[in-house]
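Listing of input.csv; format and content: CSV, C-alpha atoms.
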chain,number,residue,atom,x,y,z
A,1,MET,CA,-27.7,-21.9,45.0
A,2,SER,CA,-28.1,-18.1,45.2
A,3,ASP,CA,-31.7,-18.6,44.1
A,4,SER,CA,-32.5,-20.9,47.0
A,5,ILE,CA,-30.8,-18.5,49.4
A,6,ASN,CA,-33.0,-15.7,48.1
A,7,LEU,CA,-36.2,-17.7,48.7
A,8,LYS,CA,-35.0,-18.4,52.3
A,9,GLN,CA,-34.3,-14.7,52.8
A,10,LEU,CA,-37.7,-13.9,51.4
A,11,GLU,CA,-39.4,-16.3,53.8
A,12,LYS,CA,-37.3,-15.0,56.7
A,13,ARG,CA,-38.2,-11.4,55.8
A,14,ALA,CA,-41.9,-12.3,55.7
A,15,TRP,CA,-41.6,-14.1,59.1
A,16,ARG,CA,-39.7,-11.2,60.7
A,17,ALA,CA,-42.2,-8.7,59.4
A,18,THR,CA,-44.7,-10.2,61.9
A,19,PHE,CA,-42.3,-9.2,64.7
A,20,GLN,CA,-41.8,-5.6,63.8
A,21,ASP,CA,-44.8,-4.5,65.9
A,22,GLY,CA,-42.8,-4.5,69.1
A,23,LEU,CA,-45.4,-6.6,71.0
A,24,TRP,CA,-42.9,-9.4,71.9
A,25,ASP,CA,-40.6,-6.7,73.3
A,26,ILE,CA,-43.5,-5.2,75.3
A,27,TYR,CA,-44.5,-8.7,76.5
A,28,LEU,CA,-40.9,-9.6,77.7
A,29,GLY,CA,-40.5,-6.1,79.2
A,30,LEU,CA,-43.6,-6.6,81.3
A,31,ILE,CA,-42.6,-10.1,82.4
A,32,PHE,CA,-39.2,-8.8,83.6
A,33,LEU,CA,-40.9,-5.7,85.2
A,34,GLY,CA,-43.3,-8.1,87.0
A,35,LEU,CA,-40.3,-10.1,88.3
A,36,GLY,CA,-38.9,-6.9,89.9
A,37,VAL,CA,-41.9,-4.7,90.7
A,38,GLY,CA,-43.9,-7.7,92.0
A,39,TRP,CA,-41.8,-7.7,95.2
A,40,ILE,CA,-43.4,-4.4,96.2
A,41,GLY,CA,-46.6,-6.4,96.9
A,42,ASP,CA,-45.4,-7.9,100.2
A,43,TYR,CA,-43.4,-4.8,101.1
A,44,ILE,CA,-46.5,-2.6,101.1
A,45,GLY,CA,-48.6,-5.3,102.7
A,46,LEU,CA,-50.8,-5.9,99.7
A,47,PHE,CA,-52.8,-9.1,100.4
A,48,TYR,CA,-50.0,-10.2,102.7
A,49,PRO,CA,-48.4,-12.8,102.4
A,50,PHE,CA,-49.5,-13.4,98.8
A,51,GLY,CA,-49.0,-9.8,97.6
A,52,THR,CA,-45.8,-10.5,95.6
A,53,ILE,CA,-47.3,-13.5,93.8
A,54,ILE,CA,-50.6,-11.7,93.1
A,55,LEU,CA,-48.8,-8.7,91.7
A,56,MET,CA,-46.4,-10.7,89.6
A,57,PHE,CA,-49.3,-12.9,88.3
A,58,SER,CA,-51.4,-9.8,87.5
A,59,ILE,CA,-48.5,-8.3,85.5
A,60,ASP,CA,-48.0,-11.6,83.7
A,61,ILE,CA,-51.7,-11.7,82.8
A,62,ILE,CA,-51.5,-8.1,81.5
A,63,ALA,CA,-48.4,-9.1,79.4
A,64,ILE,CA,-50.3,-12.0,77.9
A,65,LEU,CA,-53.3,-9.9,77.1
A,66,VAL,CA,-51.1,-7.2,75.5
A,67,ILE,CA,-49.5,-9.6,73.1
A,68,THR,CA,-52.6,-11.7,72.2
A,69,LEU,CA,-55.0,-8.8,71.9
A,70,GLY,CA,-52.4,-6.5,70.3
A,71,LYS,CA,-51.7,-9.1,67.6
A,72,LYS,CA,-55.4,-9.6,67.0
A,73,TYR,CA,-56.7,-6.0,67.0
A,74,ILE,CA,-53.6,-3.9,66.2
A,75,SER,CA,-50.9,-5.8,64.3
A,76,THR,CA,-52.9,-8.1,62.1
A,77,PRO,CA,-55.4,-5.4,60.8
A,78,ARG,CA,-52.3,-3.3,59.8
A,79,LEU,CA,-49.9,-6.0,58.6
A,80,GLY,CA,-52.4,-8.4,57.1
A,81,GLN,CA,-52.8,-12.1,57.6
A,82,VAL,CA,-50.3,-14.7,56.7
A,83,LYS,CA,-50.0,-18.5,57.2
A,84,PHE,CA,-46.5,-19.9,57.0
A,85,GLY,CA,-45.5,-23.3,55.6
A,86,GLU,CA,-44.9,-26.7,57.2
A,87,LYS,CA,-41.4,-25.9,58.3
A,88,ARG,CA,-42.6,-22.9,60.5
A,89,LYS,CA,-45.5,-25.0,61.8
A,90,LYS,CA,-43.1,-27.7,62.9
A,91,ARG,CA,-40.9,-25.1,64.6
A,92,LYS,CA,-44.0,-23.8,66.4
A,93,LYS,CA,-44.8,-27.3,67.7
A,94,TRP,CA,-41.2,-27.7,69.0
A,95,LEU,CA,-41.4,-24.2,70.5
A,96,MET,CA,-44.6,-25.2,72.4
A,97,ILE,CA,-43.0,-28.4,73.7
A,98,PHE,CA,-39.9,-26.5,74.8
A,99,LEU,CA,-42.0,-23.8,76.5
A,100,LEU,CA,-43.9,-26.4,78.4
A,101,LEU,CA,-40.7,-28.1,79.5
A,102,ASN,CA,-39.3,-24.7,80.5
A,103,VAL,CA,-42.3,-24.0,82.7
A,104,VAL,CA,-41.8,-27.4,84.5
A,105,PHE,CA,-38.1,-26.8,84.9
A,106,SER,CA,-38.7,-23.2,86.2
A,107,LEU,CA,-41.2,-24.5,88.7
A,108,ILE,CA,-38.7,-27.1,90.0
A,109,ILE,CA,-36.0,-24.3,90.4
A,110,PHE,CA,-38.6,-22.1,92.1
A,111,ILE,CA,-39.5,-24.8,94.6
A,112,LEU,CA,-35.8,-25.6,95.3
A,113,THR,CA,-35.2,-21.9,95.8
A,114,ILE,CA,-38.0,-21.2,98.3
A,115,THR,CA,-37.2,-24.4,100.2
A,116,SER,CA,-33.5,-23.2,100.3
A,117,ASN,CA,-32.3,-26.4,98.7
A,118,LEU,CA,-30.6,-24.6,95.8
A,119,ASP,CA,-27.7,-23.2,97.8
A,120,GLN,CA,-26.6,-26.7,98.5
A,121,LEU,CA,-26.3,-27.5,94.8
A,122,PHE,CA,-24.1,-24.5,93.9
A,123,MET,CA,-21.2,-22.6,95.2
A,124,PRO,CA,-22.2,-19.7,97.5
A,125,SER,CA,-21.8,-16.0,96.8
A,126,LEU,CA,-22.4,-14.5,93.3
A,127,PHE,CA,-22.1,-17.7,91.3
A,128,THR,CA,-25.6,-18.9,92.4
A,129,PRO,CA,-27.6,-15.9,91.2
A,130,LEU,CA,-25.6,-15.8,88.0
A,131,ALA,CA,-26.2,-19.5,87.4
A,132,LEU,CA,-29.9,-19.1,88.3
A,133,GLY,CA,-30.3,-16.2,85.9
A,134,LEU,CA,-28.6,-18.1,83.1
A,135,MET,CA,-30.5,-21.3,83.7
A,136,ILE,CA,-34.0,-19.8,84.2
A,137,ILE,CA,-33.8,-16.9,81.9
A,138,THR,CA,-31.0,-16.7,79.4
A,139,VAL,CA,-30.9,-20.3,78.2
A,140,PRO,CA,-34.7,-20.6,77.7
A,141,LEU,CA,-35.1,-17.2,76.1
A,142,SER,CA,-32.1,-17.9,73.9
A,143,ILE,CA,-33.8,-21.1,72.7
A,144,LEU,CA,-37.0,-19.1,72.2
A,145,THR,CA,-35.0,-16.7,70.1
A,146,PHE,CA,-33.6,-19.5,68.1
A,147,PHE,CA,-37.1,-20.8,67.3
A,148,LEU,CA,-38.5,-17.3,66.6
A,149,GLN,CA,-35.4,-16.1,64.7
A,150,VAL,CA,-35.6,-12.6,66.1
A,151,PRO,CA,-32.1,-11.7,67.0
A,152,ARG,CA,-32.8,-8.8,69.4
A,153,LEU,CA,-34.6,-11.2,71.7
A,154,PHE,CA,-31.2,-12.8,72.3
A,155,VAL,CA,-30.0,-9.5,73.8
A,156,TYR,CA,-33.0,-9.4,76.1
A,157,ALA,CA,-32.2,-13.0,77.1
A,158,LEU,CA,-28.6,-12.0,78.1
A,159,ILE,CA,-29.6,-8.9,80.1
A,160,GLY,CA,-32.5,-10.7,81.6
A,161,GLY,CA,-30.3,-13.4,82.9
A,162,PHE,CA,-28.0,-10.9,84.6
A,163,GLY,CA,-30.9,-9.6,86.7
A,164,PHE,CA,-30.4,-11.9,89.6
A,165,PHE,CA,-26.6,-11.3,89.6
A,166,LEU,CA,-27.3,-7.5,89.5
A,167,SER,CA,-29.7,-7.8,92.4
A,168,GLU,CA,-27.1,-9.6,94.4
A,169,LEU,CA,-24.6,-6.8,93.7
A,170,LEU,CA,-27.2,-4.2,94.8
A,171,TYR,CA,-28.3,-6.1,98.0
A,172,PRO,CA,-25.5,-4.6,100.2
A,173,LEU,CA,-26.4,-1.1,99.0
A,174,VAL,CA,-30.2,-1.1,99.1
A,175,GLY,CA,-31.2,-4.3,100.8
A,176,GLU,CA,-34.3,-6.4,100.1
A,177,PRO,CA,-36.6,-6.1,98.3
A,178,TRP,CA,-35.2,-3.0,96.5
A,179,ASP,CA,-32.3,-5.0,95.1
A,180,ILE,CA,-34.5,-7.1,92.8
A,181,ILE,CA,-37.0,-4.3,92.3
A,182,ILE,CA,-34.3,-2.0,90.9
A,183,SER,CA,-32.5,-4.7,88.9
A,184,TYR,CA,-35.5,-6.2,87.2
A,185,GLY,CA,-37.5,-3.0,87.3
A,186,SER,CA,-34.8,-1.3,85.3
A,187,ILE,CA,-34.2,-4.3,82.9
A,188,GLY,CA,-38.0,-4.7,82.3
A,189,GLY,CA,-38.5,-1.0,82.1
A,190,SER,CA,-35.8,-0.6,79.4
A,191,ILE,CA,-37.1,-3.5,77.3
A,192,LEU,CA,-40.6,-2.1,77.7
A,193,LEU,CA,-39.5,1.3,76.4
A,194,ILE,CA,-37.8,-0.3,73.5
A,195,GLY,CA,-40.9,-2.2,72.7
A,196,LEU,CA,-43.1,0.9,72.9
A,197,PHE,CA,-40.7,2.8,70.6
A,198,ILE,CA,-40.9,-0.1,68.1
A,199,PHE,CA,-44.7,-0.3,68.5
A,200,ILE,CA,-45.1,3.5,67.8
A,201,ARG,CA,-42.9,3.3,64.8
A,202,PHE,CA,-44.9,0.3,63.6
A,203,LEU,CA,-48.2,2.2,63.9
A,204,GLN,CA,-46.7,5.1,61.9
A,205,LYS,CA,-45.4,2.8,59.2
A,206,TYR,CA,-48.6,0.8,58.9
A,207,PRO,CA,-51.6,3.0,59.3
A,208,LEU,CA,-55.0,1.4,59.1
A,209,GLU,CA,-56.2,1.5,55.5
A,210,THR,CA,-59.0,-0.2,53.6
A,211,GLU,CA,-58.3,-2.5,50.7
A,212,GLY,CA,-58.7,-1.3,47.1
B,1,MET,CA,-42.1,-11.2,43.3
B,2,ILE,CA,-45.7,-12.2,44.1
B,3,LEU,CA,-45.1,-15.8,43.0
B,4,SER,CA,-41.9,-15.9,45.0
B,5,LEU,CA,-43.6,-14.7,48.1
B,6,LEU,CA,-46.6,-17.0,47.8
B,7,TYR,CA,-44.2,-19.9,47.1
B,8,VAL,CA,-42.4,-19.5,50.5
B,9,ILE,CA,-45.6,-19.1,52.6
B,10,GLU,CA,-48.8,-21.1,52.7
B,11,SER,CA,-51.3,-18.2,52.1
B,12,ALA,CA,-51.6,-14.5,52.8
B,13,ASP,CA,-54.2,-11.8,52.4
B,14,PHE,CA,-54.0,-8.7,50.1
B,15,LYS,CA,-52.6,-6.5,52.8
B,16,PHE,CA,-49.7,-8.7,53.7
B,17,VAL,CA,-48.8,-9.4,50.0
B,18,LYS,CA,-49.0,-5.6,49.3
B,19,GLY,CA,-46.7,-4.9,52.3
B,20,GLN,CA,-44.1,-7.4,51.3
B,21,THR,CA,-44.1,-6.6,47.6
B,22,ASN,CA,-44.5,-2.8,47.9
B,23,LEU,CA,-46.9,-2.8,45.0
B,24,SER,CA,-49.9,-0.4,44.9
B,25,TRP,CA,-53.4,-1.8,45.4
B,26,GLY,CA,-54.1,-1.4,41.6
B,27,ASN,CA,-51.0,-3.1,40.5
B,28,LEU,CA,-51.3,-6.0,42.9
B,29,SER,CA,-55.0,-6.5,42.0
B,30,SER,CA,-54.1,-6.6,38.3
B,31,HIS,CA,-51.2,-9.1,38.8
B,32,ILE,CA,-53.2,-11.3,41.0
B,33,SER,CA,-56.1,-11.4,38.6
B,34,LYS,CA,-53.8,-12.4,35.8
B,35,LEU,CA,-52.2,-15.1,37.9
B,36,GLU,CA,-55.6,-16.4,38.9
B,37,GLU,CA,-56.7,-16.5,35.2
B,38,ALA,CA,-53.5,-18.5,34.4
B,39,GLY,CA,-54.5,-21.0,37.2
B,40,TYR,CA,-51.4,-20.2,39.3
B,41,VAL,CA,-53.1,-18.5,42.2
B,42,GLU,CA,-56.2,-19.6,44.1
B,43,ILE,CA,-58.3,-17.0,45.9
B,44,GLU,CA,-60.1,-18.1,49.0
B,45,LYS,CA,-62.8,-15.9,50.5
B,46,LYS,CA,-63.5,-16.5,54.2
B,47,THR,CA,-65.0,-14.6,57.0
B,48,LYS,CA,-63.4,-14.1,60.4
B,49,GLY,CA,-66.3,-13.2,62.7
B,50,LYS,CA,-68.2,-10.9,60.5
B,51,LYS,CA,-65.2,-9.6,58.6
B,52,PRO,CA,-64.5,-10.9,55.1
B,53,ILE,CA,-60.9,-12.0,54.4
B,54,THR,CA,-59.5,-12.8,51.0
B,55,LEU,CA,-56.5,-15.2,51.1
B,56,PHE,CA,-54.2,-16.0,48.2
B,57,LYS,CA,-52.3,-19.2,47.8
B,58,LEU,CA,-50.3,-20.8,45.0
B,59,THR,CA,-52.1,-23.7,43.3
B,60,GLN,CA,-50.1,-26.9,42.6
B,61,GLU,CA,-49.9,-25.7,39.0
B,62,GLY,CA,-48.5,-22.4,40.2
B,63,ARG,CA,-45.9,-24.1,42.3
B,64,GLU,CA,-44.8,-26.3,39.5
B,65,ALA,CA,-44.7,-23.4,37.1
B,66,PHE,CA,-42.6,-21.4,39.5
B,67,GLU,CA,-40.2,-24.3,40.1
B,68,LYS,CA,-39.8,-24.8,36.3
B,69,TYR,CA,-39.1,-21.1,35.9
B,70,ARG,CA,-36.4,-21.3,38.6
B,71,GLU,CA,-34.8,-24.3,36.9
B,72,ASP,CA,-34.9,-22.6,33.5
B,73,MET,CA,-33.3,-19.4,35.0
B,74,LYS,CA,-30.6,-21.5,36.8
B,75,ARG,CA,-29.8,-23.3,33.5
B,76,PHE,CA,-29.7,-20.0,31.6
B,77,LEU,CA,-27.5,-18.3,34.1
B,78,THR,CA,-25.0,-21.2,34.5
B,79,SER,CA,-24.7,-21.9,30.7
Write-out of the structure in structure tokens:
Amino acid sequence: MSDSINLKQLEKRAWRATFQDGLWDIYLGLIFLGLGVGWIGDYIGLFYPFGTIILMFSIDIIAILVITLGKKYISTPRLGQVKFGEKRKKRKKWLMIFLLLNVVFSLIIFILTITSNLDQLFMPSLFTPLALGLMIITVPLSILTFFLQVPRLFVYALIGGFGFFLSELLYPLVGEPWDIIISYGSIGGSILLIGLFIFIRFLQKYPLETEG
Amino acid sequence: MILSLLYVIESADFKFVKGQTNLSWGNLSSHISKLEEAGYVEIEKKTKGKKPITLFKLTQEGREAFEKYREDMKRFLTS
């Protein structure tokens, strides 16, 4: 029994080693930052009325490039290459299916929001942004955390989900679009800083070296 | 340690195995050679782009030998 547990721990340790580069943290930090900072686009008249979407989309593209190119050119040369077994491959397949369903679901929520139909489904006031945040961010990210088995991502899922709620609290004080810029800007910025710290620590721990 | 690691993953390169086992290059190279001679580890040389990669994986014989070792240890510890 203890022997099988040790093998599980060994496999989990090997799996988690591939997440110690901080790139997932940087990726999520940028995504949340884009959610907030993107709203500056329309505010400053950048490609009005598409400024917000263009800016958010651009930041999302940067996030994707950071994680994919970072893994390929920075992490893997330092950490080495590894292929995990069938169990992990199955989890990856389910993860892809889940992410696809999440994109569809988020799109439906987004359309309902911009057509102002969502308010009719929920109670007014602060419950709606809280529910939105939990549905669109916390729940999907928590499921992602479950698949990836990286516990700190769960913390990001929780604080990310609170962003809409926080922006609703800030709205009477700072108005639009500063409410969401501040809420998601600070959430994204904090996660990004954590990611950068982990990344720098990773670079120090795993310098580039040649074999033999 | 090397066999345990290779048992729980499909394959890995030198660098990853070294990182997980904390062995030196020399030690790891020596152990891997012995395991390969015994037929427990298979070495696969590939190229990714122009870069050569050496991947290690357990052979079927290696897996069976490791499982037998585990069972023997379990029996020994519980007797």
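CA of Ala17 in chain A sits 8.2 Å away from CA of Leu79 in chain A.
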9 Å contacts from chain B to chain A using all atoms listed in the file, as a VMD selection string = chain B and resid 4 to 5 7 to 20 25 to 26 29 53 55 70 74
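Excluding Leu192 in chain A itself and same-chain residues fewer than 6 positions from it, the residues having an atom within 7 Å of it are Asp25, Ile26, Gly29 and Leu30 of chain A, counting all atoms listed in the file.
Distance check against Gly39 in chain B using only C-alpha atoms: of B:Gln60, B:Lys51, B:Met1, B:Glu67, the minimum falls on B:Gln60.
Between CA of Phe147 in chain A and CA of Met56 in chain A there is a distance of 26.2 Å.
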Distance of CA of Val37 in chain A from CA of Gln20 in chain A, expressed in Å to one decimal place = 26.9 Å
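The residue that comes closest to Ser190 in chain A, out of A:Met135, A:Ile159, A:Leu208, A:Leu203 and on the basis of all atoms listed in the file, is A:Ile159.
Using only C-alpha atoms, the smallest distance between any of A:Leu23, A:Leu100, A:Ile187, A:Leu130 and Leu144 in chain A comes from A:Leu100.
Using all atoms listed in the file, the contacts of range 162-164 of chain A at a cut-off of 10 Å, with sequence neighbours closer than 5 positions omitted, comprise Phe32, Leu35, Gly36, Leu126, Thr128, Pro129, Leu130, Ala131, Leu132, Gly133, Leu134, Ile137, Thr138, Tyr156, Ala157, Leu169, Leu170, Asp179, Ile180, Ile181, Ile182, Ser183, Tyr184, Gly185, Ser186, Ile187 and Gly188 of chain A.
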Leu3 in chain B environment, 9 Å, all atoms listed in the file, sequence neighbours closer than 6 positions dropped, as an NGL selection string = :B and (35 or 40-41 or 58 or 62-63 or 66)
Within-10 Å shell of (-39.2, -25.2, 69.9) in input frame, all atoms listed in the file, as a PyMOL selection string | chain A and resi 90-100+143-148
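For the point (-56.9, -21.1, 46.7) in file coordinates, the residues within 7 Å, using only C-alpha atoms, are Val41, Glu42, Ile43, Glu44, Phe56, Lys57, Leu58 and Thr59 of chain B.
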Given all atoms listed in the file as the counted atoms, nearest of A:Phe197, A:Trp178, A:Phe127, A:Phe202 to Gly41 in chain A | A:Trp178
